[in-house]
Every structure is written in structure tokens, then in C-alpha cells.
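> Sending over a structure as C-alpha cells; questions will come in a sec.
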Amino acid sequence: MSLISTSKLCKSYNGKVLFNNLSFSIEKGDKAVFVGDSGTGKTTLLRMLLGIVAADCGSISYGNQELSRMSVDKIRKQVAYLPQGVDLFANTGEELLYLLGLDFSSVSQNMVRLLLSESAIKQQFAELSGGEKQRLVTAIVLGLNRPIIFLDEPTSALDANAVNALMSLISDNPELTVVSTSHNPLWVEFCNKKITL
């Protein structure tokens, strides 16, 4: 049984069909990426899998449990989500750790692997570069140790060295299931499952 599966999903916005009759499956440990031109619905699909956006038709299942209003809270406890360009309700990494109930020890190794100084956890987000902030928040999201993570354009602010560092860190966790969107050729090539919209 697939970890995540969809059956005949369809979604339209303002009369534009984003996708129709979309079915796919994602297995435990897959590193999956949604690819396609801008405006094809990659982020919308990611948010549909999280139960944030409703499908016009079709179904989404996690194992043998269909995503619904009744099951969404239980399903979300298995996942972590890092949207693109997230506005955080925190000023520093330390504050974000506190809000998420995490210890620094759960993210410090991730930070080092993502080429960040441990002191970055104390810096104001406003003082960090886009790439530093993206890597820091990614390190924290990975520190949640959820079995499934959703990443919307996880490399958008990263240079090639940082992208390689992120891929190396994720590769070291073969049990982790990653569902992402990306235009980055390095990331797309890294992912073992590509779903084109």
C-alpha cells in the first residue's frame, strides 16, 4: 500500500483547469518532486495533499485513510510543511524552536550539515540572507523528525553548494519521505520520483 496516493484529482481556478484526472502514488522513502511551468498548480497540489486546499473532484489517501475533514488533523501530525517565502511568527531561530517545542540539540547537526554557523540560531531573521534563512528554517523543520516533509521550492534561495548540502543531508535519511516542488535541475535530478503537471 502506498504511503500517499491520489485518484482522479482535478482542480480549476478562475475557469482555468490546473489538472484533471491526476493519479499518482508516493512510497515510503520516496523523494518526490512536482515539476512543470509556473502556474501549472504545483504549490496548489502540495497544499491539496495537506488538506489546505480542497480538490474539485477525486481523492487523496494516506495509507488506507482518505484525507477528509475528519482525518486531516491526524494526518497532519505525520507531516511537516515548509512553504516558499514563509512569514514566520518568530524573530529568530531560537524563538521558532521555542514555539515548536524543540531543543537546539535537535537541529544543531542539521545546521552544520547545511553549512550554517550555530550562532545563526540567535540572529534576527531580518539580518540573515535569504539563503541563510531558508537553510535555517529547513534545519528546524527537519528537526521535527516527522516521517513526511513537504517542501515548496526548497532550493529557491540556495546556491549550488547549499543545494548539494541539503541533498546530502536528506540522502542520509532513506526512511524520510519528501514531497516537493522545484524548478532547480539539481534538485529535480536528485529526486527519484518526478510528477509532471
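Following the order of the C-alpha cells, chains are lettered A, B, ..., residues in each are numbered from 1, and ligands are numbered from 1.
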Leaving out A:Thr40 and any residue of its chain fewer than 6 positions from it, which residues lie within 12 Å of it when counting only C-alpha atoms, given as a list in words?
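So, after excluding close chain neighbours, the residues are Lys11, Ser12, Tyr13, Lys16, Val17, Leu18, Phe19, Asn20, Phe34, Leu46, Thr181, Ile195, Thr196 and Leu197 of chain A.
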> Which parts of stretch 81-162 of chain A does DSSP call strand (DSSP E or B) when run on the backbone here, written out as number ranges by chain?
A: 81-82, 92, 124, 148-152
> Go through stretch 93-148 of chain A and collect every residue that DSSP, computed from the backbone, puts in helix (DSSP H, G or I); the answer should be as a PyMOL selection string.
chain A and resi 93-100+104-106+108-113+118-122+125-127+130-143
> Grab the residues selected above and save them as a PDB file, in the first residue's frame with C-alpha atoms.

```pdb
ATOM      1  CA  GLY A  93      15.547  30.623  15.128  1.00  0.00           C
ATOM      2  CA  GLU A  94      15.591  30.364  18.903  1.00  0.00           C
ATOM      3  CA  GLU A  95      12.064  31.759  19.086  1.00  0.00           C
ATOM      4  CA  LEU A  96      10.920  29.345  16.383  1.00  0.00           C
ATOM      5  CA  LEU A  97      12.419  26.412  18.296  1.00  0.00           C
ATOM      6  CA  TYR A  98      10.522  27.517  21.403  1.00  0.00           C
ATOM      7  CA  LEU A  99       7.231  27.807  19.503  1.00  0.00           C
ATOM      8  CA  LEU A 100       7.700  24.315  18.040  1.00  0.00           C
ATOM      9  CA  PHE A 104      18.662  23.293  19.923  1.00  0.00           C
ATOM     10  CA  SER A 105      20.273  19.851  20.071  1.00  0.00           C
ATOM     11  CA  SER A 106      17.625  18.556  17.649  1.00  0.00           C
ATOM     12  CA  SER A 108      22.350  21.841  15.566  1.00  0.00           C
ATOM     13  CA  GLN A 109      23.704  18.972  13.458  1.00  0.00           C
ATOM     14  CA  ASN A 110      21.307  19.845  10.646  1.00  0.00           C
ATOM     15  CA  MET A 111      22.606  23.416  10.707  1.00  0.00           C
ATOM     16  CA  VAL A 112      26.208  22.283  10.443  1.00  0.00           C
ATOM     17  CA  ARG A 113      25.320  19.938   7.573  1.00  0.00           C
ATOM     18  CA  GLU A 118      25.404  27.541  15.039  1.00  0.00           C
ATOM     19  CA  SER A 119      25.280  31.218  16.017  1.00  0.00           C
ATOM     20  CA  ALA A 120      22.722  31.780  13.247  1.00  0.00           C
ATOM     21  CA  ILE A 121      20.060  30.365  15.577  1.00  0.00           C
ATOM     22  CA  LYS A 122      20.308  33.554  17.676  1.00  0.00           C
ATOM     23  CA  PHE A 125      15.711  36.562  10.665  1.00  0.00           C
ATOM     24  CA  ALA A 126      15.782  40.060   9.174  1.00  0.00           C
ATOM     25  CA  GLU A 127      19.589  40.057   9.464  1.00  0.00           C
ATOM     26  CA  GLY A 130      17.544  34.666   2.014  1.00  0.00           C
ATOM     27  CA  GLY A 131      19.668  31.552   1.671  1.00  0.00           C
ATOM     28  CA  GLU A 132      20.670  31.534   5.348  1.00  0.00           C
ATOM     29  CA  LYS A 133      17.054  31.908   6.450  1.00  0.00           C
ATOM     30  CA  GLN A 134      15.903  29.156   4.101  1.00  0.00           C
ATOM     31  CA  ARG A 135      18.592  26.761   5.338  1.00  0.00           C
ATOM     32  CA  LEU A 136      17.934  27.606   8.995  1.00  0.00           C
ATOM     33  CA  VAL A 137      14.188  27.032   8.740  1.00  0.00           C
ATOM     34  CA  THR A 138      14.813  23.832   6.770  1.00  0.00           C
ATOM     35  CA  ALA A 139      17.144  22.607   9.530  1.00  0.00           C
ATOM     36  CA  ILE A 140      14.406  23.297  12.078  1.00  0.00           C
ATOM     37  CA  VAL A 141      11.673  21.598  10.017  1.00  0.00           C
ATOM     38  CA  LEU A 142      13.864  18.512   9.627  1.00  0.00           C
ATOM     39  CA  GLY A 143      14.410  18.619  13.402  1.00  0.00           C
TER      40      GLY A 143
END
```
> As an exercise, work out the distance from atom CA of A:Leu22 to atom CA of A:Ser156 in Å and give it to one decimal place.
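So the two atoms, atom CA of A:Leu22 and atom CA of A:Ser156, lie 26.0 Å apart.
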> If we count only C-alpha atoms, what is near stretch 62-71 of chain A at a cut-off of 12 Å, once residues fewer than 6 positions away on the same chain are taken out, given as a JSON list (two decimals) with N, CA and C atoms, in the first residue's frame?

```json
[["chain", "number", "residue", "atom", "x", "y", "z"],
["A", 1, "MET", "N", 0.84, -1.20, 0.00],
["A", 1, "MET", "CA", 0.00, 0.00, 0.00],
["A", 1, "MET", "C", 0.88, 1.25, 0.00],
["A", 2, "SER", "N", 0.55, 2.20, -0.85],
["A", 2, "SER", "CA", 1.34, 3.42, -0.98],
["A", 2, "SER", "C", 1.18, 4.30, 0.25],
["A", 3, "LEU", "N", 2.22, 5.04, 0.57],
["A", 3, "LEU", "CA", 2.16, 5.97, 1.69],
["A", 3, "LEU", "C", 1.17, 7.10, 1.39],
["A", 4, "ILE", "N", 1.28, 7.67, 0.19],
["A", 4, "ILE", "CA", 0.35, 8.71, -0.26],
["A", 4, "ILE", "C", -0.12, 8.33, -1.66],
["A", 5, "SER", "N", -1.40, 8.43, -1.90],
["A", 5, "SER", "CA", -1.91, 8.16, -3.24],
["A", 5, "SER", "C", -3.05, 9.12, -3.57],
["A", 6, "THR", "N", -3.17, 9.43, -4.84],
["A", 6, "THR", "CA", -4.28, 10.26, -5.31],
["A", 6, "THR", "C", -5.01, 9.51, -6.42],
["A", 7, "SER", "N", -6.28, 9.79, -6.54],
["A", 7, "SER", "CA", -7.09, 9.16, -7.58],
["A", 7, "SER", "C", -7.95, 10.20, -8.27],
["A", 25, "SER", "N", 1.13, 7.83, -7.01],
["A", 25, "SER", "CA", 1.39, 7.27, -5.68],
["A", 25, "SER", "C", 2.82, 7.60, -5.27],
["A", 26, "ILE", "N", 3.01, 7.76, -3.97],
["A", 26, "ILE", "CA", 4.31, 8.05, -3.38],
["A", 26, "ILE", "C", 4.53, 7.02, -2.29],
["A", 27, "GLU", "N", 5.69, 6.35, -2.36],
["A", 27, "GLU", "CA", 6.00, 5.29, -1.40],
["A", 27, "GLU", "C", 6.87, 5.85, -0.27],
["A", 28, "LYS", "N", 6.89, 5.11, 0.83],
["A", 28, "LYS", "CA", 7.75, 5.49, 1.95],
["A", 28, "LYS", "C", 9.20, 5.59, 1.48],
["A", 48, "MET", "N", -3.06, 20.82, -1.49],
["A", 48, "MET", "CA", -4.17, 19.87, -1.50],
["A", 48, "MET", "C", -3.81, 18.61, -0.71],
["A", 49, "LEU", "N", -2.58, 18.15, -0.86],
["A", 49, "LEU", "CA", -2.14, 16.97, -0.12],
["A", 49, "LEU", "C", -2.14, 17.20, 1.38],
["A", 50, "LEU", "N", -2.02, 18.46, 1.78],
["A", 50, "LEU", "CA", -2.03, 18.82, 3.19],
["A", 50, "LEU", "C", -3.44, 19.14, 3.70],
["A", 51, "GLY", "N", -4.42, 19.13, 2.81],
["A", 51, "GLY", "CA", -5.78, 19.44, 3.22],
["A", 51, "GLY", "C", -6.04, 20.92, 3.41],
["A", 52, "ILE", "N", -5.14, 21.77, 2.89],
["A", 52, "ILE", "CA", -5.32, 23.23, 2.98],
["A", 52, "ILE", "C", -6.24, 23.72, 1.86],
["A", 53, "VAL", "N", -6.08, 23.12, 0.69],
["A", 53, "VAL", "CA", -6.91, 23.44, -0.48],
["A", 53, "VAL", "C", -7.72, 22.19, -0.83],
["A", 54, "ALA", "N", -9.00, 22.39, -1.11],
["A", 54, "ALA", "CA", -9.86, 21.25, -1.45],
["A", 54, "ALA", "C", -9.80, 20.94, -2.94],
["A", 55, "ALA", "N", -9.84, 19.66, -3.26],
["A", 55, "ALA", "CA", -9.92, 19.23, -4.66],
["A", 55, "ALA", "C", -11.33, 19.46, -5.17],
["A", 77, "LYS", "N", -0.30, 15.36, 11.78],
["A", 77, "LYS", "CA", 0.66, 15.05, 12.82],
["A", 77, "LYS", "C", 1.82, 14.21, 12.31],
["A", 78, "GLN", "N", 1.65, 13.65, 11.10],
["A", 78, "GLN", "CA", 2.72, 12.85, 10.49],
["A", 78, "GLN", "C", 3.65, 13.69, 9.61],
["A", 79, "VAL", "N", 3.25, 14.93, 9.34],
["A", 79, "VAL", "CA", 3.96, 15.70, 8.32],
["A", 79, "VAL", "C", 4.49, 17.02, 8.86],
["A", 148, "ILE", "N", 7.10, 12.47, 7.03],
["A", 148, "ILE", "CA", 6.85, 13.05, 5.72],
["A", 148, "ILE", "C", 7.07, 14.55, 5.80]]
```
> Quick one: residues within 6 Å of stretch 160-177 of chain A, only C-alpha atoms counted, chain neighbours fewer than 6 positions away excluded, as a list in words?
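Listed by chain and then number, they are Lys28, Gly29, Asp30, Lys31, Leu114, Pro147 and Ile148 of chain A.
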> Counting only C-alpha atoms, figure out which residue out of A:Val33, A:Val107, A:Leu88, A:Leu128 gets nearest to A:Glu153.
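Using only C-alpha atoms, A:Glu153 sits closest to A:Val33.
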> Could you tell me how far atom CA of A:Trp187 lies from atom CA of A:Asp159, in Å and to one decimal?
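Distance between the two atoms: 11.7 Å.
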> Rounded to one decimal place, report the atom CA of A:Glu189-atom CA of A:Ser61 distance in Å.
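Separation of atom CA of A:Glu189 and atom CA of A:Ser61: 26.4 Å.
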